[in-house]
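I have placed the structure first, in the form of structure tokens, so that the comments after it can refer back to it.
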Amino acid sequence: MDQKDRMREMEEQQIRINDNVSRIKNKIVIMSGKGGVGKTTVAVNIASGLAKKGLRVGIMDVDIHGPNVPKMLGMEGRTLNYDENGMIPLQVTGNLKAISMSFLLPDPESPVIWRGPMKIQLINQFLGDVQWGDLDYLVIDLPPGTGDETLSIAQQIKGAYALIVTTPQEVALLDSRKALNFARKLDMPILGVIENMSGFVCPHCGKDIDLFKKGGGEKAAHEMNVNFLGRLPVDPNMVTSGDDGTPMVLNDEGSVSIRPLFEILDKILKKME
Ligand SMILES: Nc1ncnc2c1ncn2[C@@H]1O[C@H](COP(=O)(O)OP(=O)(O)OP(=O)(O)O)[C@@H](O)[C@H]1O
Ligand SMILES: [Mg+2]
């Protein structure tokens, strides 16, 4: 392929991306400064919660090296189908569709050893060559930090809202301020901050224990002048529901994190609809 063909192909892909993105009403990008703070957990619960409310939702897993969305949605080991119009996202429930690097891998334990440009190309394909159709929401799960994937998403999806997940301790907060500043620099509107793993209710005595401190995310949100969406406590059911592939919002009515999850969902709907 010569230079001219390559340029034309890129232009055509950009047209497909713009066309696809224009059919998606609301886009939410789940970001964090640090790893392991609960982005994927939050992403699958928000996506499943919105779909449960009857909205048309897509979830796009852009964590290329550690794609966890399929496991948390019970979709591990599934592979993608294609037709003449491109990739067909996997149907999780009636109105929730998902795409992930993991659907392209021969087995979930194969590492992906890719450099930046290949990752950017994959993201462009996830945006331009996947048949998302008309969606009310697209929830995008990112790897931690502000690397190639985050930058590429922010540049390709104009108007995508950044949702920052943080844990309450100082080091995590320092990094989440970086994620907020990154979103601001790229002119992304900011949906708000979620403080995850905030406090723990002892199952034996019912006492509230601040495992990783508490309130730091809320304080940082106020200081940075962004919306605070809420706190999710440390909840053992959150771990089991992630491992079992059934997001909390779908079944664990008795769990301590259910109410805060639905309050967060309501705030998101209020802000975006
Ligand atoms: N509120 C919570 N209470 C208990 N466990 C939680 C909570 N939130 C997340 N976890 C657990 O913490 C682990 C990390 O969460 P998750 O994978 O969602 O984080 P992440 O930010 O997406 O990580 P990465 O940066 O690696 O992508 C998972 O095992 C998850 O089940
Ligand atoms: Mg993750």
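Chain labels follow the order of the structure tokens: the first chain is A, the next B, and so on; residue numbering restarts at 1 in every chain, and ligands are counted from 1 in their shown order.
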
Return as a PDB file with N, CA and C atoms, in the first residue's frame every polymer residue, whether protein, DNA or RNA, with at least one atom no more than 8 Å from an atom of ligand 1; count only C-alpha atoms and all ligand atoms.
ATOM      1  N   SER A  32      -8.692   7.160  35.768  1.00  0.00           N
ATOM      2  CA  SER A  32      -8.112   7.292  37.111  1.00  0.00           C
ATOM      3  C   SER A  32      -6.635   7.589  36.955  1.00  0.00           C
ATOM      4  N   LYS A  34      -4.453   6.311  39.236  1.00  0.00           N
ATOM      5  CA  LYS A  34      -3.800   5.078  39.691  1.00  0.00           C
ATOM      6  C   LYS A  34      -4.531   3.839  39.193  1.00  0.00           C
ATOM      7  N   GLY A  35      -3.814   2.706  39.214  1.00  0.00           N
ATOM      8  CA  GLY A  35      -4.428   1.435  38.842  1.00  0.00           C
ATOM      9  C   GLY A  35      -5.137   0.801  40.040  1.00  0.00           C
ATOM     10  N   GLY A  36      -6.069  -0.074  39.741  1.00  0.00           N
ATOM     11  CA  GLY A  36      -6.707  -0.872  40.776  1.00  0.00           C
ATOM     12  C   GLY A  36      -7.656  -0.129  41.698  1.00  0.00           C
ATOM     13  N   VAL A  37      -8.111   1.048  41.291  1.00  0.00           N
ATOM     14  CA  VAL A  37      -8.996   1.828  42.176  1.00  0.00           C
ATOM     15  C   VAL A  37     -10.483   1.498  41.966  1.00  0.00           C
ATOM     16  N   GLY A  38     -10.772   0.680  40.941  1.00  0.00           N
ATOM     17  CA  GLY A  38     -12.167   0.277  40.725  1.00  0.00           C
ATOM     18  C   GLY A  38     -12.812   0.840  39.465  1.00  0.00           C
ATOM     19  N   LYS A  39     -12.014   1.258  38.496  1.00  0.00           N
ATOM     20  CA  LYS A  39     -12.591   1.801  37.251  1.00  0.00           C
ATOM     21  C   LYS A  39     -13.482   0.786  36.541  1.00  0.00           C
ATOM     22  N   THR A  40     -12.958  -0.423  36.354  1.00  0.00           N
ATOM     23  CA  THR A  40     -13.720  -1.404  35.590  1.00  0.00           C
ATOM     24  C   THR A  40     -14.990  -1.793  36.348  1.00  0.00           C
ATOM     25  N   THR A  41     -14.862  -1.918  37.674  1.00  0.00           N
ATOM     26  CA  THR A  41     -16.028  -2.227  38.501  1.00  0.00           C
ATOM     27  C   THR A  41     -17.095  -1.141  38.326  1.00  0.00           C
ATOM     28  N   VAL A  42     -16.661   0.107  38.389  1.00  0.00           N
ATOM     29  CA  VAL A  42     -17.597   1.231  38.219  1.00  0.00           C
ATOM     30  C   VAL A  42     -18.164   1.210  36.796  1.00  0.00           C
ATOM     31  N   ALA A  43     -17.309   0.968  35.802  1.00  0.00           N
ATOM     32  CA  ALA A  43     -17.756   0.997  34.396  1.00  0.00           C
ATOM     33  C   ALA A  43     -18.839  -0.048  34.136  1.00  0.00           C
ATOM     34  N   ASP A  63      -8.877  -1.064  27.775  1.00  0.00           N
ATOM     35  CA  ASP A  63      -7.692  -1.540  28.499  1.00  0.00           C
ATOM     36  C   ASP A  63      -7.129  -2.703  27.689  1.00  0.00           C
ATOM     37  N   GLY A  66      -4.844  -5.188  29.883  1.00  0.00           N
ATOM     38  CA  GLY A  66      -5.540  -5.893  30.971  1.00  0.00           C
ATOM     39  C   GLY A  66      -7.032  -5.766  30.830  1.00  0.00           C
ATOM     40  N   PRO A  67      -7.600  -6.351  29.762  1.00  0.00           N
ATOM     41  CA  PRO A  67      -9.052  -6.178  29.543  1.00  0.00           C
ATOM     42  C   PRO A  67      -9.869  -6.993  30.541  1.00  0.00           C
ATOM     43  N   ASN A  68     -10.502  -6.320  31.494  1.00  0.00           N
ATOM     44  CA  ASN A  68     -11.246  -7.016  32.552  1.00  0.00           C
ATOM     45  C   ASN A  68     -12.756  -6.924  32.392  1.00  0.00           C
ATOM     46  N   ASP A 141     -14.099   2.092  29.324  1.00  0.00           N
ATOM     47  CA  ASP A 141     -13.204   1.731  30.435  1.00  0.00           C
ATOM     48  C   ASP A 141     -11.755   1.838  29.958  1.00  0.00           C
ATOM     49  N   LEU A 142     -10.972   2.596  30.700  1.00  0.00           N
ATOM     50  CA  LEU A 142      -9.588   2.858  30.290  1.00  0.00           C
ATOM     51  C   LEU A 142      -8.583   2.170  31.212  1.00  0.00           C
ATOM     52  N   PRO A 143      -7.353   2.000  30.733  1.00  0.00           N
ATOM     53  CA  PRO A 143      -6.288   1.612  31.664  1.00  0.00           C
ATOM     54  C   PRO A 143      -5.967   2.806  32.561  1.00  0.00           C
ATOM     55  N   PRO A 144      -5.254   2.580  33.662  1.00  0.00           N
ATOM     56  CA  PRO A 144      -4.956   3.723  34.544  1.00  0.00           C
ATOM     57  C   PRO A 144      -4.039   4.742  33.882  1.00  0.00           C
ATOM     58  N   VAL A 165     -12.374   8.029  38.878  1.00  0.00           N
ATOM     59  CA  VAL A 165     -12.517   7.155  40.053  1.00  0.00           C
ATOM     60  C   VAL A 165     -11.237   7.273  40.872  1.00  0.00           C
ATOM     61  N   ASN A 196     -14.077   5.584  45.605  1.00  0.00           N
ATOM     62  CA  ASN A 196     -14.344   4.151  45.771  1.00  0.00           C
ATOM     63  C   ASN A 196     -13.530   3.599  46.941  1.00  0.00           C
ATOM     64  N   MET A 197     -13.991   2.500  47.487  1.00  0.00           N
ATOM     65  CA  MET A 197     -13.340   1.848  48.639  1.00  0.00           C
ATOM     66  C   MET A 197     -13.277   2.832  49.810  1.00  0.00           C
ATOM     67  N   SER A 198     -14.380   3.534  49.971  1.00  0.00           N
ATOM     68  CA  SER A 198     -14.471   4.584  50.970  1.00  0.00           C
ATOM     69  C   SER A 198     -15.202   4.049  52.198  1.00  0.00           C
ATOM     70  N   LEU A 232     -18.428   4.893  47.282  1.00  0.00           N
ATOM     71  CA  LEU A 232     -18.777   3.473  47.337  1.00  0.00           C
ATOM     72  C   LEU A 232     -17.916   2.831  48.412  1.00  0.00           C
ATOM     73  N   PRO A 233     -18.529   2.169  49.375  1.00  0.00           N
ATOM     74  CA  PRO A 233     -17.732   1.555  50.450  1.00  0.00           C
ATOM     75  C   PRO A 233     -16.983   0.312  49.966  1.00  0.00           C
ATOM     76  N   VAL A 234     -16.011  -0.119  50.743  1.00  0.00           N
ATOM     77  CA  VAL A 234     -15.402  -1.427  50.488  1.00  0.00           C
ATOM     78  C   VAL A 234     -16.501  -2.453  50.739  1.00  0.00           C
ATOM     79  N   ASP A 235     -16.732  -3.302  49.756  1.00  0.00           N
ATOM     80  CA  ASP A 235     -17.843  -4.238  49.844  1.00  0.00           C
ATOM     81  C   ASP A 235     -17.397  -5.585  49.287  1.00  0.00           C
ATOM     82  N   PRO A 236     -17.286  -6.592  50.147  1.00  0.00           N
ATOM     83  CA  PRO A 236     -16.845  -7.911  49.668  1.00  0.00           C
ATOM     84  C   PRO A 236     -17.716  -8.434  48.523  1.00  0.00           C
ATOM     85  N   ASN A 237     -18.996  -8.050  48.505  1.00  0.00           N
ATOM     86  CA  ASN A 237     -19.871  -8.505  47.409  1.00  0.00           C
ATOM     87  C   ASN A 237     -19.455  -7.924  46.063  1.00  0.00           C
ATOM     88  N   MET A 238     -18.777  -6.775  46.130  1.00  0.00           N
ATOM     89  CA  MET A 238     -18.306  -6.139  44.898  1.00  0.00           C
ATOM     90  C   MET A 238     -17.249  -7.042  44.248  1.00  0.00           C
ATOM     91  N   VAL A 239     -16.412  -7.645  45.076  1.00  0.00           N
ATOM     92  CA  VAL A 239     -15.369  -8.533  44.557  1.00  0.00           C
ATOM     93  C   VAL A 239     -15.996  -9.792  43.970  1.00  0.00           C
ATOM     94  N   THR A 240     -16.914 -10.411  44.737  1.00  0.00           N
ATOM     95  CA  THR A 240     -17.494 -11.661  44.231  1.00  0.00           C
ATOM     96  C   THR A 240     -18.341 -11.407  42.980  1.00  0.00           C
ATOM     97  N   SER A 241     -19.056 -10.285  42.955  1.00  0.00           N
ATOM     98  CA  SER A 241     -19.894 -10.049  41.765  1.00  0.00           C
ATOM     99  C   SER A 241     -19.008  -9.797  40.546  1.00  0.00           C
ATOM    100  N   GLY A 242     -17.849  -9.136  40.747  1.00  0.00           N
ATOM    101  CA  GLY A 242     -16.912  -8.942  39.638  1.00  0.00           C
ATOM    102  C   GLY A 242     -16.353 -10.272  39.158  1.00  0.00           C
ATOM    103  N   ASP A 243     -15.982 -11.112  40.111  1.00  0.00           N
ATOM    104  CA  ASP A 243     -15.405 -12.415  39.750  1.00  0.00           C
ATOM    105  C   ASP A 243     -16.451 -13.332  39.107  1.00  0.00           C
ATOM    106  N   SER A 257     -23.230  -1.438  49.004  1.00  0.00           N
ATOM    107  CA  SER A 257     -22.893  -0.494  47.937  1.00  0.00           C
ATOM    108  C   SER A 257     -24.022  -0.270  46.933  1.00  0.00           C
TER     109      SER A 257
END

Which residues of segment 155-251 of chain A have any atom within 8 Å of an atom in segment 7-29 of chain A when counting only C-alpha atoms, and what is the closest pair of atoms for each, with the distance in Å to one decimal? Order the rows by chain and rising number and write it as CSV.
residue,atom,partner,partner_atom,distance
A:Gln156,CA,A:Ile17,CA,8.0
A:Ile157,CA,A:Val21,CA,6.9
A:Gly159,CA,A:Lys27,CA,7.5
A:Ala160,CA,A:Lys27,CA,4.8
A:Tyr161,CA,A:Ile28,CA,4.8
A:Ala162,CA,A:Val29,CA,4.9
A:Leu163,CA,A:Val29,CA,5.9
A:Leu191,CA,A:Ile28,CA,8.0

To test your reading of the structure, identify every residue in segment 99-241 of chain A that backbone DSSP assigns to strand (DSSP E or B), and report it as a ChimeraX atom specification. /A:99-100,130,135-141,161-166,190-201,208-209,211,213,228-234

Excluding Arg177 of chain A and residues on its chain fewer than 5 positions from it, collect all residues at most 9 Å away from it, counting only C-alpha atoms, and give them as a ChimeraX atom specification. /A:33,172,182,220-221,224

The selected residues should be written to file as a CSV table (one decimal), in the first residue's frame (atoms: all heavy atoms).
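Written out: selection25.csv:
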chain,number,residue,atom,x,y,z
A,33,GLY,N,-6.1,8.1,38.0
A,33,GLY,CA,-4.6,8.4,38.0
A,33,GLY,C,-3.9,7.1,38.3
A,33,GLY,O,-2.9,6.7,37.7
A,172,ALA,N,-3.4,8.3,46.0
A,172,ALA,CA,-4.3,8.1,45.0
A,172,ALA,C,-4.9,9.4,44.5
A,172,ALA,O,-5.2,9.7,43.4
A,172,ALA,CB,-5.5,7.2,45.4
A,182,PHE,N,-5.6,16.6,33.2
A,182,PHE,CA,-5.5,16.0,31.9
A,182,PHE,C,-6.8,16.3,31.1
A,182,PHE,O,-6.8,16.8,30.0
A,182,PHE,CB,-5.2,14.5,32.0
A,182,PHE,CG,-5.2,13.8,30.7
A,182,PHE,CD1,-4.1,13.7,29.9
A,182,PHE,CD2,-6.4,13.2,30.2
A,182,PHE,CE1,-4.1,13.0,28.7
A,182,PHE,CE2,-6.4,12.5,29.0
A,182,PHE,CZ,-5.3,12.4,28.2
A,220,ALA,N,-11.1,16.6,47.3
A,220,ALA,CA,-10.4,16.9,46.1
A,220,ALA,C,-11.4,17.5,45.0
A,220,ALA,O,-11.0,18.4,44.3
A,220,ALA,CB,-9.7,15.7,45.6
A,221,ALA,N,-12.6,16.8,44.9
A,221,ALA,CA,-13.5,17.3,43.9
A,221,ALA,C,-13.9,18.8,44.2
A,221,ALA,O,-13.9,19.6,43.3
A,221,ALA,CB,-14.8,16.4,44.0
A,224,MET,N,-11.0,21.1,43.4
A,224,MET,CA,-10.8,21.2,41.9
A,224,MET,C,-12.1,21.8,41.2
A,224,MET,O,-12.1,21.9,40.0
A,224,MET,CB,-10.5,19.9,41.3
A,224,MET,CG,-9.3,19.2,41.9
A,224,MET,SD,-7.7,19.6,41.2
A,224,MET,CE,-7.8,19.2,39.5

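Note that DSSP on the backbone gives alpha helix (DSSP H) to these residues of segment 51-161 of chain A: Ala51, Lys52, Val69, Pro70, Lys71, Met72, Gly116, Pro117, Met118, Lys119, Ile120, Gln121, Leu122, Ile123, Asn124, Gln125, Phe126, Leu127, Gly128, Asp148, Glu149, Thr150, Leu151, Ser152, Ile153, Ala154, Gln155 and Gln156 of chain A.
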
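When the distance limit is 12 Å and only C-alpha atoms are what count, the residues near Asn181 of chain A, minus those fewer than 6 positions from it on the same chain, are Met31, Ser32, Gly33, Gly145, Thr146, Ala162, Ile164, Leu174, Asp175, Asp187, Met188, Pro189, Ile190, Ala221, Met224, Asn225 and Val226 of chain A.
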
How about saving the chosen residues, all heavy atoms kept, as a compact mmCIF listing (two decimals), in the first residue's frame?
# COMPACT_ATOMS: atom_id res chain seq x y z
N MET A 31 -11.91 7.24 34.04
CA MET A 31 -10.46 7.45 34.15
C MET A 31 -10.01 7.37 35.60
O MET A 31 -10.79 7.54 36.52
CB MET A 31 -10.09 8.86 33.67
CG MET A 31 -10.40 9.14 32.23
SD MET A 31 -10.22 10.91 31.85
CE MET A 31 -8.52 11.19 32.25
N SER A 32 -8.69 7.16 35.77
CA SER A 32 -8.11 7.29 37.11
C SER A 32 -6.64 7.59 36.96
O SER A 32 -6.05 7.33 35.90
CB SER A 32 -8.27 6.00 37.91
OG SER A 32 -7.34 5.04 37.45
N GLY A 33 -6.06 8.15 38.01
CA GLY A 33 -4.62 8.35 37.98
C GLY A 33 -3.90 7.05 38.28
O GLY A 33 -2.90 6.72 37.68
N GLY A 145 -4.15 5.99 34.34
CA GLY A 145 -3.20 7.01 33.89
C GLY A 145 -3.61 7.71 32.62
O GLY A 145 -4.74 7.56 32.14
N THR A 146 -2.69 8.47 32.11
CA THR A 146 -3.01 9.36 30.99
C THR A 146 -2.11 9.05 29.78
O THR A 146 -1.49 9.93 29.21
CB THR A 146 -2.83 10.83 31.44
OG1 THR A 146 -1.56 10.95 32.08
CG2 THR A 146 -3.89 11.24 32.42
N ALA A 162 -15.58 13.02 31.22
CA ALA A 162 -14.63 12.28 32.04
C ALA A 162 -15.24 12.00 33.41
O ALA A 162 -15.78 12.89 34.05
CB ALA A 162 -13.35 13.09 32.21
N ILE A 164 -13.93 10.46 36.96
CA ILE A 164 -12.69 10.06 37.61
C ILE A 164 -13.00 9.19 38.83
O ILE A 164 -13.81 9.58 39.67
CB ILE A 164 -11.90 11.31 38.11
CG1 ILE A 164 -11.87 12.42 37.05
CG2 ILE A 164 -10.51 10.93 38.61
CD1 ILE A 164 -10.92 12.28 35.94
N LEU A 174 -3.56 12.38 44.74
CA LEU A 174 -2.58 13.16 44.00
C LEU A 174 -2.66 12.79 42.51
O LEU A 174 -2.70 13.65 41.63
CB LEU A 174 -1.19 12.85 44.55
CG LEU A 174 -0.08 13.75 44.09
CD1 LEU A 174 -0.30 15.13 44.65
CD2 LEU A 174 1.27 13.20 44.58
N ASP A 175 -2.73 11.48 42.26
CA ASP A 175 -2.80 11.02 40.87
C ASP A 175 -4.14 11.36 40.23
O ASP A 175 -4.21 11.61 39.04
CB ASP A 175 -2.56 9.51 40.80
CG ASP A 175 -1.11 9.19 41.11
OD1 ASP A 175 -0.23 9.96 40.70
OD2 ASP A 175 -0.86 8.18 41.79
N ASP A 187 -9.94 19.74 27.17
CA ASP A 187 -11.28 20.31 27.04
C ASP A 187 -12.39 19.29 27.16
O ASP A 187 -13.43 19.40 26.52
CB ASP A 187 -11.45 21.03 25.68
CG ASP A 187 -10.70 22.34 25.66
OD1 ASP A 187 -10.56 22.94 26.74
OD2 ASP A 187 -10.22 22.73 24.58
N MET A 188 -12.15 18.23 27.95
CA MET A 188 -13.23 17.26 28.16
C MET A 188 -14.15 17.81 29.25
O MET A 188 -13.66 18.26 30.29
CB MET A 188 -12.67 15.92 28.67
CG MET A 188 -11.79 15.21 27.69
SD MET A 188 -11.05 13.75 28.48
CE MET A 188 -12.41 12.58 28.30
N PRO A 189 -15.46 17.74 29.05
CA PRO A 189 -16.34 18.10 30.16
C PRO A 189 -16.16 17.05 31.27
O PRO A 189 -15.91 15.88 30.97
CB PRO A 189 -17.74 18.03 29.55
CG PRO A 189 -17.60 17.25 28.29
CD PRO A 189 -16.18 17.32 27.85
N ILE A 190 -16.28 17.48 32.53
CA ILE A 190 -16.04 16.54 33.63
C ILE A 190 -17.35 16.20 34.32
O ILE A 190 -18.05 17.08 34.81
CB ILE A 190 -14.99 17.12 34.60
CG1 ILE A 190 -13.65 17.22 33.86
CG2 ILE A 190 -14.85 16.23 35.84
CD1 ILE A 190 -12.62 18.07 34.54
N ALA A 221 -12.55 16.85 44.94
CA ALA A 221 -13.53 17.30 43.94
C ALA A 221 -13.91 18.76 44.21
O ALA A 221 -13.94 19.58 43.28
CB ALA A 221 -14.77 16.41 43.98
N MET A 224 -11.04 21.09 43.36
CA MET A 224 -10.82 21.23 41.91
C MET A 224 -12.08 21.77 41.22
O MET A 224 -12.13 21.86 40.00
CB MET A 224 -10.48 19.87 41.30
CG MET A 224 -9.28 19.19 41.88
SD MET A 224 -7.70 19.65 41.17
CE MET A 224 -7.83 19.21 39.48
N ASN A 225 -13.09 22.05 42.03
CA ASN A 225 -14.31 22.64 41.49
C ASN A 225 -15.04 21.74 40.50
O ASN A 225 -15.50 22.20 39.44
CB ASN A 225 -13.95 23.97 40.81
CG ASN A 225 -15.08 24.96 40.94
OD1 ASN A 225 -16.03 24.69 41.68
ND2 ASN A 225 -14.99 26.05 40.21
N VAL A 226 -15.09 20.44 40.81
CA VAL A 226 -15.85 19.52 39.97
C VAL A 226 -16.89 18.81 40.84
O VAL A 226 -16.80 18.78 42.06
CB VAL A 226 -14.96 18.49 39.23
CG1 VAL A 226 -14.01 19.16 38.27
CG2 VAL A 226 -14.20 17.60 40.20

Shell of 8 Å around segment 246-250 of chain A, only C-alpha atoms, local chain residues under 2 positions omitted, as a ChimeraX atom specification: /A:41,44-45,48-49,52,72-74,237-238,241-244,252-253,258,261-262

Between A:Ile64, A:Leu55, A:Cys205, A:Ala47, which residue has the minimum interatomic distance to Thr150 of chain A, considering only C-alpha atoms? A:Ile64

Skipping near chain neighbours, those fewer than 6 positions away, what residues fall within 7 Å of segment 102-115 of chain A using only C-alpha atoms, listed as a PDB file with N, CA, C and O atoms, in the first residue's frame?
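And here is the file that came out, selection-v9.pdb:
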ATOM      1  N   HIS A  65      -4.038  -4.037  27.524  1.00  0.00           N
ATOM      2  CA  HIS A  65      -3.141  -5.001  28.185  1.00  0.00           C
ATOM      3  C   HIS A  65      -3.837  -5.791  29.289  1.00  0.00           C
ATOM      4  O   HIS A  65      -3.428  -6.898  29.601  1.00  0.00           O
ATOM      5  N   PRO A  67      -7.600  -6.351  29.762  1.00  0.00           N
ATOM      6  CA  PRO A  67      -9.052  -6.178  29.543  1.00  0.00           C
ATOM      7  C   PRO A  67      -9.869  -6.993  30.541  1.00  0.00           C
ATOM      8  O   PRO A  67      -9.921  -8.210  30.456  1.00  0.00           O
ATOM      9  N   GLY A  77     -13.958 -15.456  27.208  1.00  0.00           N
ATOM     10  CA  GLY A  77     -13.811 -16.563  26.269  1.00  0.00           C
ATOM     11  C   GLY A  77     -14.654 -16.403  25.012  1.00  0.00           C
ATOM     12  O   GLY A  77     -14.570 -17.217  24.103  1.00  0.00           O
ATOM     13  N   ARG A  78     -15.478 -15.353  24.975  1.00  0.00           N
ATOM     14  CA  ARG A  78     -16.306 -15.143  23.778  1.00  0.00           C
ATOM     15  C   ARG A  78     -15.474 -14.473  22.690  1.00  0.00           C
ATOM     16  O   ARG A  78     -14.517 -13.768  22.976  1.00  0.00           O
ATOM     17  N   THR A  79     -15.832 -14.717  21.445  1.00  0.00           N
ATOM     18  CA  THR A  79     -15.098 -14.074  20.353  1.00  0.00           C
ATOM     19  C   THR A  79     -16.045 -13.254  19.480  1.00  0.00           C
ATOM     20  O   THR A  79     -17.253 -13.493  19.454  1.00  0.00           O
ATOM     21  N   LEU A  80     -15.449 -12.333  18.761  1.00  0.00           N
ATOM     22  CA  LEU A  80     -16.247 -11.391  17.962  1.00  0.00           C
ATOM     23  C   LEU A  80     -16.685 -11.992  16.640  1.00  0.00           C
ATOM     24  O   LEU A  80     -15.984 -12.812  16.067  1.00  0.00           O
TER      25      LEU A  80
END

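For the pair atom CA of Met1 of chain A and atom CA of Pro89 of chain A, the interatomic distance is 28.7 Å.
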